[in-house]
Amino acid sequence: MIDYKTIIRRNSNKRFGKPCIRETRITVYDVLGWLAAGMSYDQIIIDFPELTKEDIVACLAYAADREHKLLSA
C-alpha cells in the first residue's frame with residue numbers, strides 16, 4: 001500500500017481541517033466522490049491537472065486505512 005502520509009495532509013486553516021492532497025484545497029472526500037460518480041483517474045487529472053495518479057491512489061489508501069481503524073476500534 002502507498003504511504004499516503006506524504007501526500008494527504010490536514011491543515012486547520014484549510015477546508016476546515018479536512019484531509020487534503022498536498023498543498024491543494026482538494027480533499028480526499030472530493031476525490032472519493034468523483035471516483036464514486038464514475039470518473040476515471042484520467043478524467044480527474046484532466047479536470048484537476050495538479051493531481052497525479054499517485055495522489056488518487058493515496059486518497060484510496062487513506063480511506064482504506066481510516067476504515068480499518070474504525071473497524072478495529
# chains A, B, ... in the order shown; residues from 1 in each chain; ligands from 1
$ residues_around --residues "Arg22 (chain A)" --least-positions-apart "6" --cutoff "12 Å" --atoms "only C-alpha atoms" --output "ChimeraX atom specification"
/A:4-11,14,28,50-52,54-56,58-59
$ closest_residue --among "A:Arg66, A:Glu23, A:Arg15, A:Val31" --to "Lys53 (chain A)" --atoms "only C-alpha atoms"
A:Val31
$ atom_distance --atom1 "CA of Thr24 (chain A)" --atom2 "CA of Asp47 (chain A)"
13.9 Å
$ select_by_dssp --residues "chain A" --states "strand (DSSP E)" --output "VMD selection string"
chain A and resid 8 to 9 20 to 21
$ write_last_selection --atoms "C-alpha atoms" --output "compact mmCIF listing (two decimals), in the first residue's frame"
# COMPACT_ATOMS: atom_id res chain seq x y z
CA ILE A 8 -2.50 13.61 2.43
CA ARG A 9 -2.27 16.47 4.91
CA CYS A 20 -6.32 17.47 1.55
CA ILE A 21 -3.89 16.46 -1.16
$ closest_residue --among "A:Leu32, A:Gln43, A:Lys69, A:Asn13" --to "Val57 (chain A)" --atoms "only C-alpha atoms"
A:Leu32
$ select_by_dssp --residues "chain A" --states "alpha helix (DSSP H)" --output "ChimeraX atom specification"
/A:28-36,41-47,53-72
$ write_last_selection --atoms "C-alpha atoms" --output "compact mmCIF listing (two decimals), in the first residue's frame"
# COMPACT_ATOMS: atom_id res chain seq x y z
CA VAL A 28 -9.87 13.15 -0.01
CA TYR A 29 -13.67 13.33 0.09
CA ASP A 30 -13.70 15.24 -3.23
CA VAL A 31 -11.60 12.58 -4.95
CA LEU A 32 -13.60 9.68 -3.49
CA GLY A 33 -16.80 11.37 -4.63
CA TRP A 34 -15.52 11.76 -8.18
CA LEU A 35 -14.45 8.12 -8.28
CA ALA A 36 -17.82 7.03 -6.89
CA TYR A 41 -8.23 8.61 -12.92
CA ASP A 42 -7.52 10.23 -16.29
CA GLN A 43 -10.75 12.25 -16.24
CA ILE A 44 -9.97 13.56 -12.77
CA ILE A 45 -6.44 14.52 -13.81
CA ILE A 46 -7.74 16.30 -16.93
CA ASP A 47 -10.12 18.36 -14.75
CA LYS A 53 -2.43 9.08 -10.25
CA GLU A 54 -0.34 8.63 -7.11
CA ASP A 55 -2.45 11.32 -5.39
CA ILE A 56 -5.64 9.48 -6.27
CA VAL A 57 -4.25 6.16 -5.03
CA ALA A 58 -3.15 7.94 -1.83
CA CYS A 59 -6.77 9.01 -1.28
CA LEU A 60 -7.91 5.41 -1.63
CA ALA A 61 -5.19 4.24 0.74
CA TYR A 62 -6.15 6.92 3.27
CA ALA A 63 -9.81 5.88 3.10
CA ALA A 64 -8.92 2.19 3.45
CA ASP A 65 -6.67 2.88 6.44
CA ARG A 66 -9.33 5.03 8.09
CA GLU A 67 -11.97 2.35 7.56
CA HIS A 68 -9.64 -0.27 9.01
CA LYS A 69 -9.05 1.88 12.10
CA LEU A 70 -12.79 2.40 12.57
CA LEU A 71 -13.45 -1.34 12.41
CA SER A 72 -10.58 -2.07 14.80
$ decode --residues "region 31-65 of chain A" --atoms "N, CA and C atoms" --output "compact mmCIF listing (two decimals), in the first residue's frame"
# COMPACT_ATOMS: atom_id res chain seq x y z
N VAL A 31 -12.11 13.61 -4.04
CA VAL A 31 -11.60 12.58 -4.95
C VAL A 31 -12.44 11.31 -4.86
N LEU A 32 -12.76 10.89 -3.65
CA LEU A 32 -13.60 9.68 -3.49
C LEU A 32 -14.96 9.89 -4.14
N GLY A 33 -15.51 11.07 -4.01
CA GLY A 33 -16.80 11.37 -4.63
C GLY A 33 -16.74 11.30 -6.15
N TRP A 34 -15.66 11.82 -6.72
CA TRP A 34 -15.52 11.76 -8.18
C TRP A 34 -15.38 10.33 -8.64
N LEU A 35 -14.60 9.54 -7.92
CA LEU A 35 -14.45 8.12 -8.28
C LEU A 35 -15.79 7.39 -8.16
N ALA A 36 -16.52 7.67 -7.10
CA ALA A 36 -17.82 7.03 -6.89
C ALA A 36 -18.82 7.43 -7.97
N ALA A 37 -18.66 8.64 -8.52
CA ALA A 37 -19.54 9.10 -9.59
C ALA A 37 -19.17 8.50 -10.94
N GLY A 38 -18.08 7.73 -10.97
CA GLY A 38 -17.70 7.04 -12.19
C GLY A 38 -16.58 7.68 -12.99
N MET A 39 -15.99 8.74 -12.46
CA MET A 39 -14.86 9.36 -13.17
C MET A 39 -13.64 8.45 -13.11
N SER A 40 -12.90 8.41 -14.19
CA SER A 40 -11.66 7.63 -14.21
C SER A 40 -10.52 8.50 -13.66
N TYR A 41 -9.41 7.86 -13.36
CA TYR A 41 -8.23 8.61 -12.92
C TYR A 41 -7.89 9.68 -13.95
N ASP A 42 -7.89 9.28 -15.22
CA ASP A 42 -7.52 10.23 -16.29
C ASP A 42 -8.48 11.40 -16.37
N GLN A 43 -9.77 11.15 -16.21
CA GLN A 43 -10.75 12.25 -16.24
C GLN A 43 -10.53 13.22 -15.09
N ILE A 44 -10.23 12.70 -13.92
CA ILE A 44 -9.97 13.56 -12.77
C ILE A 44 -8.73 14.41 -13.03
N ILE A 45 -7.69 13.80 -13.56
CA ILE A 45 -6.44 14.52 -13.81
C ILE A 45 -6.62 15.58 -14.91
N ILE A 46 -7.46 15.29 -15.90
CA ILE A 46 -7.74 16.30 -16.93
C ILE A 46 -8.42 17.51 -16.29
N ASP A 47 -9.40 17.27 -15.41
CA ASP A 47 -10.12 18.36 -14.75
C ASP A 47 -9.26 19.06 -13.70
N PHE A 48 -8.35 18.32 -13.07
CA PHE A 48 -7.50 18.86 -12.00
C PHE A 48 -6.06 18.45 -12.27
N PRO A 49 -5.39 19.15 -13.19
CA PRO A 49 -4.04 18.75 -13.61
C PRO A 49 -2.98 18.83 -12.51
N GLU A 50 -3.32 19.44 -11.39
CA GLU A 50 -2.38 19.48 -10.27
C GLU A 50 -2.31 18.13 -9.55
N LEU A 51 -3.23 17.22 -9.88
CA LEU A 51 -3.25 15.89 -9.27
C LEU A 51 -2.51 14.88 -10.14
N THR A 52 -2.03 13.83 -9.49
CA THR A 52 -1.39 12.72 -10.19
C THR A 52 -2.14 11.43 -9.84
N LYS A 53 -1.83 10.38 -10.57
CA LYS A 53 -2.43 9.08 -10.25
C LYS A 53 -2.02 8.65 -8.85
N GLU A 54 -0.80 8.96 -8.46
CA GLU A 54 -0.34 8.63 -7.11
C GLU A 54 -1.18 9.35 -6.05
N ASP A 55 -1.58 10.58 -6.32
CA ASP A 55 -2.45 11.32 -5.39
C ASP A 55 -3.79 10.61 -5.22
N ILE A 56 -4.34 10.16 -6.32
CA ILE A 56 -5.64 9.48 -6.27
C ILE A 56 -5.53 8.16 -5.50
N VAL A 57 -4.48 7.41 -5.77
CA VAL A 57 -4.25 6.16 -5.03
C VAL A 57 -4.03 6.46 -3.55
N ALA A 58 -3.36 7.56 -3.23
CA ALA A 58 -3.15 7.94 -1.83
C ALA A 58 -4.49 8.21 -1.15
N CYS A 59 -5.44 8.79 -1.86
CA CYS A 59 -6.77 9.01 -1.28
C CYS A 59 -7.46 7.69 -0.96
N LEU A 60 -7.33 6.74 -1.87
CA LEU A 60 -7.91 5.41 -1.63
C LEU A 60 -7.23 4.73 -0.45
N ALA A 61 -5.92 4.84 -0.37
CA ALA A 61 -5.19 4.24 0.74
C ALA A 61 -5.58 4.89 2.06
N TYR A 62 -5.73 6.20 2.06
CA TYR A 62 -6.15 6.92 3.27
C TYR A 62 -7.53 6.43 3.72
N ALA A 63 -8.45 6.33 2.77
CA ALA A 63 -9.81 5.88 3.10
C ALA A 63 -9.80 4.44 3.62
N ALA A 64 -9.01 3.58 3.00
CA ALA A 64 -8.92 2.19 3.45
C ALA A 64 -8.34 2.11 4.86
N ASP A 65 -7.31 2.88 5.11
CA ASP A 65 -6.67 2.88 6.44
C ASP A 65 -7.65 3.41 7.49
